[in-house]
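Trainee: Submitted below is the structure of interest, expressed as structure tokens.
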Amino acid sequence: MNAPFDATTAFGPDAAIQPAPDHQIAVIGLGYIGLPTAAVLASYGWDVCGVDVSNHVVETVNAGGVHIEERDLDRLVGEAISSQRLVASTLVPAAHYYMIAVPTPLGPDNAPDISYVEAAARSIAPNILPGACIIVESTSPVGTTERVAQIIADIRPDLNMPKFGAETGGDIAIAYCPERVLPGKIVQELVNNDRVVGGMTPDCAESAAALYKSFVKGDCLVTNSRVAETVKLVENSFRDVNIAFANELSMIADEIGVDVWDVIRLANRHPRVNILQPGPGVGGHCIAVDPWFLVAGAPKSARIVRTAREVNDHKAVHTERRIRALISAAPDAKVALLGLAFKPDIDDFRESPALEIAENLCADLGERVLAVEPFTEKLPKGLEGTGAVLTGLDAALSEAEIVVVLVDHSAFKHLTPADLAGKLVFDTRGMLKK
């Protein structure tokens with residue numbers, strides 16, 4: 001067995017081990033988390049290879065470009081490529097560190113699908129050298145890190161795997177460190193936010209934490225991998241439950257005939273009350289997905305978490321029904337849908353309730369729909385061929401008699417009730433009240 005892995009002394013932007021890997025860090029997956037992480041690491045002096053299965057993504061990054069919209073990311077990637085600290089490839093190199101940042105979607109019946117993480121583990125296994133550290137960043141069900149270790153063990157019987165719960169041991173380090181960033185502020189929060197680093201063993205946690213301490217200004221808090229996996233799921237479930245209360249409250253307000261925005265504003269004047277703002281649902285790859293991973297792990301106990309998910313999913317159905325009622329009240333009118341992304345001021349449409357609502361409406365009313373989304377230059381695939389038109393805000397307002405605010409993009413916030421006088425208005429975000 002090799003000596004215990006000590007990343008603090010073995011690694012640094014100019015360090016090397018024998019035999020020398022091709023790169024210091026390999027980031028597997030160049031999506032919304034992987035590409036910013038790779039670029040940030042390169043900006044801190046690390047030699048990084050970003051790996052992706054998409055030739056388009058690899059070619060774009062190697063040309064110094066980006067395929068996703070994120071503040072400061074284009075500049076950071078351009079500088080990293082120019083400095084030759086970052087290169088993209090479809091092939092997995094040998095590396096000191098491997099960071100797995102691939103999607104973990106939901107499968108049938110909201111079951112977690114970790115097949116991408118498993119595929120990433122299989123792809124890196126042949127190239128792992130003794131002393132390497134593998135870090136899973138993908139949001140995952142509890143036990144996924146141990147599953148990664150088992151996959152590597154099956155492919156590389158020559159390597160001694162660390163055992164969960166053991167104090168020491170293992171030729172390599174395996175750990176879990178979930179991202180906890182906000183789209184639109186990913187680059188900033190990758191550096192400034194605290195990180196929770198969970199290892200299969202304490203040595204594994206310390207090995208992984210050494211990497212994060214090289215660029216994270218927040219605290220790096222070490223624990224075991226199961227706790228770290230649970231922490232990520234709990235963080236997003238906490239937010240989902242609180243949003244569900246606001247969304248349920250908005251549906252109750254509709255039924256009893258009160259203004260939910262006034263109710264929340266006045267209730268929040270209580271010193272111990274802080275109700276969130278409702279919307280048309282919950283979107284994004286985190287809050288709309290991760291709580292189901294917690295439910296899958298303890299289906300009989302996670303009753304509030306399950307109910308919150310169901311409430312937030314139903315809010316999109318409720319919102320669509322209200323929009324259809326407005327359309328029925330004005331049979332010949334066109335409707336302007338303001339916003340399709342899952343949250344303001346980003347180009348991310350993953351799990352977007354606004355897009356889901358738009359797709360459902362356009363399935364039979366597409367020719368009456370004017371979509372306004374400043375963060376895309378073409379209609380999302382689900383709206384293509386329906387007769388819906390992507391247009392600018394001024395053009396939509398001049399033509400539409402019905403206006404629905406689905407996303408409160410900054411580009412819409414100058415609007416006042418006076419600007420929409422004479423129109424049927426449904427503001428799902430309370431933007432006009434603010």
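Ordered as shown in the structure tokens, chains take letters A, B, and onward, while each chain numbers its residues from 1 and ligands are numbered from 1 in the order shown.
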Identify all residues of region 354-411 of chain A in strand (DSSP E or B) (DSSP on the backbone) and supply them as a PDB file with C-alpha atoms, in the first residue's frame.

Mentor:
ATOM      1  CA  VAL A 369     -49.024  33.425 -27.715  1.00  0.00           C
ATOM      2  CA  LEU A 370     -46.334  36.118 -27.807  1.00  0.00           C
ATOM      3  CA  ALA A 371     -43.311  34.922 -25.809  1.00  0.00           C
ATOM      4  CA  VAL A 372     -40.935  37.531 -24.397  1.00  0.00           C
ATOM      5  CA  VAL A 389     -43.828  33.989 -31.655  1.00  0.00           C
ATOM      6  CA  LEU A 390     -40.715  35.119 -29.776  1.00  0.00           C
ATOM      7  CA  ILE A 402     -53.540  39.778 -21.943  1.00  0.00           C
ATOM      8  CA  VAL A 403     -50.201  40.086 -20.144  1.00  0.00           C
ATOM      9  CA  VAL A 404     -48.817  37.389 -17.834  1.00  0.00           C
ATOM     10  CA  VAL A 405     -45.658  37.988 -15.802  1.00  0.00           C
TER      11      VAL A 405
END

Trainee: Which distance in Å separates CA of Thr416 (chain A) and CA of Ala395 (chain A), to one decimal?

Mentor: 16.7 Å

Trainee: Env of region 349-362 of chain A: 6 Å cut, atoms = only C-alpha atoms, seq-sep filter 2 positions within chain, self excluded. Answer as a VMD selection string.

Mentor: chain A and resid 281 283 to 285 316 320 340 to 342 364 to 366 382 to 383 386 406

Trainee: Sorted by chain and rising residue number, list the residues of region 132-199 of chain A at most 12 Å from region 41-53 of chain A (counting only C-alpha atoms), each with its closest atom pair and distance in Å to one decimal, as CSV.

Mentor:
residue,atom,partner,partner_atom,distance
A:Val187,CA,A:Leu41,CA,10.6
A:Leu190,CA,A:Leu41,CA,9.9
A:Val191,CA,A:Leu41,CA,9.7

Trainee: Next, the residues of the selection above should be written as a PDB file, in the first residue's frame with all heavy atoms.

Mentor:
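Wrote it out as out_31.pdb, contents follow:
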ATOM      1  N   VAL A 187     -19.697  32.203 -10.432  1.00  0.00           N
ATOM      2  CA  VAL A 187     -18.255  32.463 -10.331  1.00  0.00           C
ATOM      3  C   VAL A 187     -17.924  33.082  -8.979  1.00  0.00           C
ATOM      4  O   VAL A 187     -16.961  32.688  -8.315  1.00  0.00           O
ATOM      5  CB  VAL A 187     -17.794  33.374 -11.483  1.00  0.00           C
ATOM      6  CG1 VAL A 187     -16.353  33.816 -11.273  1.00  0.00           C
ATOM      7  CG2 VAL A 187     -17.931  32.653 -12.826  1.00  0.00           C
ATOM      8  N   LEU A 190     -18.613  30.402  -6.055  1.00  0.00           N
ATOM      9  CA  LEU A 190     -17.661  29.294  -6.002  1.00  0.00           C
ATOM     10  C   LEU A 190     -16.479  29.640  -5.107  1.00  0.00           C
ATOM     11  O   LEU A 190     -15.926  28.763  -4.419  1.00  0.00           O
ATOM     12  CB  LEU A 190     -17.146  28.967  -7.408  1.00  0.00           C
ATOM     13  CG  LEU A 190     -18.019  28.082  -8.290  1.00  0.00           C
ATOM     14  CD1 LEU A 190     -17.428  28.002  -9.693  1.00  0.00           C
ATOM     15  CD2 LEU A 190     -18.161  26.684  -7.706  1.00  0.00           C
ATOM     16  N   VAL A 191     -16.118  30.890  -5.091  1.00  0.00           N
ATOM     17  CA  VAL A 191     -14.953  31.334  -4.314  1.00  0.00           C
ATOM     18  C   VAL A 191     -15.339  31.736  -2.895  1.00  0.00           C
ATOM     19  O   VAL A 191     -14.627  31.432  -1.939  1.00  0.00           O
ATOM     20  CB  VAL A 191     -14.250  32.505  -5.030  1.00  0.00           C
ATOM     21  CG1 VAL A 191     -13.129  33.078  -4.164  1.00  0.00           C
ATOM     22  CG2 VAL A 191     -13.699  32.052  -6.371  1.00  0.00           C
TER      23      VAL A 191
END

Trainee: Show which residues sit within 8 Å of Asn247 (chain A), as a list in words. Count only C-alpha atoms, and ignore same-chain residues fewer than 3 positions away.

Mentor: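 Near Asn247 (chain A), the qualifying residues are Ile243, Ala244, Ser250, Met251, Gln277, Pro278, Gly279, Pro280, Gly281, Val311, Asn312 and Lys315 of chain A.
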
Trainee: Show which residues sit within 9 Å of region 105-109 of chain A, as a list in words. Count only C-alpha atoms, and ignore same-chain residues fewer than 5 positions away.

Mentor: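 Contacts, with the query itself left out: Ile114, Tyr116, His285, Val289, Asp290, Trp292 and Phe293 of chain A.
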
Trainee: Which is closest to Glu399 (chain A) among A:Leu326, A:Leu420, A:Leu379, A:Ala94, if we use only C-alpha atoms?

Mentor: A:Leu420

Trainee: Pick the closest to Thr223 (chain A) from A:Arg239, A:Phe164, A:Gly169, A:Ser328: which is it, counting only C-alpha atoms?

Mentor: A:Phe164

Trainee: In Å, rounded to a single decimal, give me how far CA of Thr201 (chain A) is from CA of Pro130 (chain A).

Mentor: 16.3 Å

Trainee: Of the residues A:Thr139, A:Thr144, A:Thr168, A:Thr391, which is the one nearest to Ala336 (chain A), using only C-alpha atoms?

Mentor: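 Closest to Ala336 (chain A), using only C-alpha atoms: A:Thr391.
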